[in-house]
Amino acid sequence: GRIGAGYETNGTNRRTEAYVNMSARKFQTAAALSYSAGDDYKDGNGTVLPGVFNRTALNLSAAFLLKPGKIASVNITRNMTRNTSFPTLMMDLLSDDTWMIQGKYQVNAQHKWYSQWNTQVYTSLVDHQMGNGLRPASATMLSHVYANTETTGGRTEITIRRPNTVWYVGADMKYEYANGTRSRKMLTGMMAGKTFYDTLWQQGSILRTGAFVHTEKKMGLYQLSVSGRMDWVHSKPNQPAAKTMAANSTLVANDLNASISAGISRYFNQKWQASFWIGRGVRSASITEKFINSLPVGLDAYEVVGDPHLKPEANTQLDFLLRYKTDKTQFQVNGYYAFLSDYITTVVDPNLKPVVATSPGVRKYINVKEARIMGFELGWNQQLGKVLNQDITMAYVRGQNSVLNQPLPEINPFEIRYKLTAELLQGKMQPYLSIRQSFAQNRVSTAFNEKATGDFIVTDLGLKWKLATKIQLTAVAQNLFNVTYREHLSRFINNSLPLNAPGRNFVFMM
């Protein structure tokens, strides 16, 4: 078993968890329980920002050895969340109740044409409520959203092993459904006392069925990998809104998507390895992208409108990877270039009026005929003497909307992370220093009404101490110098108040 507890000073965040496991020759079972909660926090300037949350999770799992080589298992998770602040939206989370259930059956075969056969089924059920009832009483309208979603599916896969070759062949299916209603009760003005109802996901549903194959083959110093899959995707709104029906002659869509990729790796010696990959992946739009109806589902207060006729997005990508590894150092760099056709994104449409008058505007989902993304990721880990270890990572992404000739939205800036760790007292004590440098992001999308972000440096200082065989303590000073900064993918609470990250924060865990 295991128990853990943690506390953070900035936001008074409390986290607890407990886990117990019991196993025997023919079965294994486990239970886990966690609870976490927090309050408003302060940024580096001392400004109080909304951050209230509380969450409870319970997990039960069991596995049974039915016969030699045949294992059945089940995993059940229950998540509950109450009264959580959504600071950049006009509503807060009132409640969220989620069930996640998964069953698996695994066969490890001997003396058969296949070596393993895995089958699983799963379902996820969510009841979700949002509203502005926790906001100040000066609201002119009382809003409440009730949503329930379902995701159900299954997958089966057979593994076939031969000398120098392995095959994975299988099929999967996934059904998604979303239903939601918003009520708007007017509290002031000429419409006071009246209540309006909106259908939000229009009872949208998507059924995906697919088949896939993947193979890996060793050829001396080379290893070849090839993958392919075919998907049929059927989508429709079961309760379309009046304006959706008026704007579209048909609301049902059927997509046939083919994806394929291939890669080859070359081992020059025990230290050097190089890989080259090329692939084309195709995805159909999600329920939100197709059917969302005037609801702020992004990271800000803009209402978003879907398009049931969005074309599937296709990504053709090249990757190159170079890796060097010895006993005391490991270096890896990955560069990539992606050409996207019918890229799915949103743009602000000034011709669309928001349903809620206080919303800054409306974004609608569109296909961009051509877009490009390129970037690289670099990692270097090095052992310095007998005590110190340093780790350096870098990441850069550049996206371009080729039709509008402007950057793609919501792309993080160039970032460098450095971590220096010491191993003391035979590894029982590990002090560390972590520095994160995030550069300014001035490549922003005007069509998305995106704002630029300045650069910042955040420093953490921590200590992990294995006090006894079964007890570990952790103490961390996050944002040690109390820097005021905003992550690029966070937004603004209002036009003048950004959702800044927490200022200095002390974390204690046991």
# chains A, B, ... in the order shown; residues from 1 in each chain; ligands from 1
>>> residues_around(residues="A:Asp43", least_positions_apart="6", cutoff="8 Å", atoms="only C-alpha atoms", output="list of chain:residue names")
A:Leu49, A:Asn482, A:Val483, A:Thr484, A:Tyr485, A:Asn500, A:Ala501, A:Pro502, A:Gly503, A:Arg504
>>> write_last_selection(atoms="C-alpha atoms", output="mmCIF file, in the first residue's frame")
data_model
loop_
_atom_site.group_PDB
_atom_site.id
_atom_site.type_symbol
_atom_site.label_atom_id
_atom_site.label_comp_id
_atom_site.auth_asym_id
_atom_site.auth_seq_id
_atom_site.Cartn_x
_atom_site.Cartn_y
_atom_site.Cartn_z
ATOM 1 C CA LEU A 49 -6.876 35.224 -9.213
ATOM 2 C CA ASN A 482 8.081 35.542 -7.527
ATOM 3 C CA VAL A 483 8.026 36.381 -11.248
ATOM 4 C CA THR A 484 4.794 37.706 -12.751
ATOM 5 C CA TYR A 485 4.113 35.926 -16.049
ATOM 6 C CA ASN A 500 -1.299 35.015 -14.763
ATOM 7 C CA ALA A 501 0.435 31.932 -13.403
ATOM 8 C CA PRO A 502 0.924 31.571 -9.645
ATOM 9 C CA GLY A 503 3.645 33.592 -7.940
ATOM 10 C CA ARG A 504 6.025 32.121 -5.370
#
>>> residues_around(residues="A:Ile292", least_positions_apart="4", cutoff="8 Å", atoms="only C-alpha atoms", output="NGL selection string")
:A and (200-202 or 287-288 or 304-306)
>>> write_last_selection(atoms="C-alpha atoms", output="PDB file, in the first residue's frame")
ATOM      1  CA  LEU A 200     -25.598  23.360 -27.268  1.00  0.00           C
ATOM      2  CA  TRP A 201     -24.153  20.200 -28.850  1.00  0.00           C
ATOM      3  CA  GLN A 202     -27.386  19.527 -30.753  1.00  0.00           C
ATOM      4  CA  ILE A 287     -18.347  16.670 -32.025  1.00  0.00           C
ATOM      5  CA  THR A 288     -17.443  20.126 -30.720  1.00  0.00           C
ATOM      6  CA  VAL A 304     -17.902  29.149 -30.622  1.00  0.00           C
ATOM      7  CA  VAL A 305     -20.024  27.863 -33.517  1.00  0.00           C
ATOM      8  CA  GLY A 306     -19.387  24.538 -35.244  1.00  0.00           C
TER       9      GLY A 306
END
>>> residues_around(residues="stretch 223-235 of chain A", least_positions_apart="5", cutoff="6 Å", atoms="only C-alpha atoms", output="ChimeraX atom specification")
/A:205-218,252-265
>>> residues_around(residues="A:Ala357", least_positions_apart="4", cutoff="12 Å", atoms="only C-alpha atoms", output="PyMOL selection string")
chain A and resi 90+140-141+184+186+294+301-303+353+361-362
>>> residues_around(residues="stretch 451-461 of chain A", least_positions_apart="2", cutoff="6 Å", atoms="only C-alpha atoms", output="PyMOL selection string")
chain A and resi 433-442+476-480+488
>>> select_by_dssp(residues="stretch 346-443 of chain A", states="strand (DSSP E)", output="ChimeraX atom specification")
/A:346-348,362-384,388-401,406-407,415-422,429-438
>>> residues_around(residues="A:Val348", least_positions_apart="2", cutoff="6 Å", atoms="only C-alpha atoms", output="list of chain:residue names")
A:Val362, A:Arg363, A:Ala447, A:Phe448
>>> write_last_selection(atoms="C-alpha atoms", output="mmCIF file, in the first residue's frame")
data_model
loop_
_atom_site.group_PDB
_atom_site.id
_atom_site.type_symbol
_atom_site.label_atom_id
_atom_site.label_comp_id
_atom_site.auth_asym_id
_atom_site.auth_seq_id
_atom_site.Cartn_x
_atom_site.Cartn_y
_atom_site.Cartn_z
ATOM 1 C CA VAL A 362 -18.152 34.643 -31.886
ATOM 2 C CA ARG A 363 -15.590 32.299 -33.376
ATOM 3 C CA ALA A 447 -7.961 36.263 -37.295
ATOM 4 C CA PHE A 448 -8.088 34.489 -33.931
#
>>> closest_residue(among="A:Thr156, A:Gln400, A:Asn381, A:Ser359", to="A:Leu89", atoms="only C-alpha atoms")
A:Ser359
>>> residues_around(residues="A:Thr12", least_positions_apart="5", cutoff="8 Å", atoms="only C-alpha atoms", output="list in words")
Tyr7, Gly38, Asp39 and Tyr41 of chain A
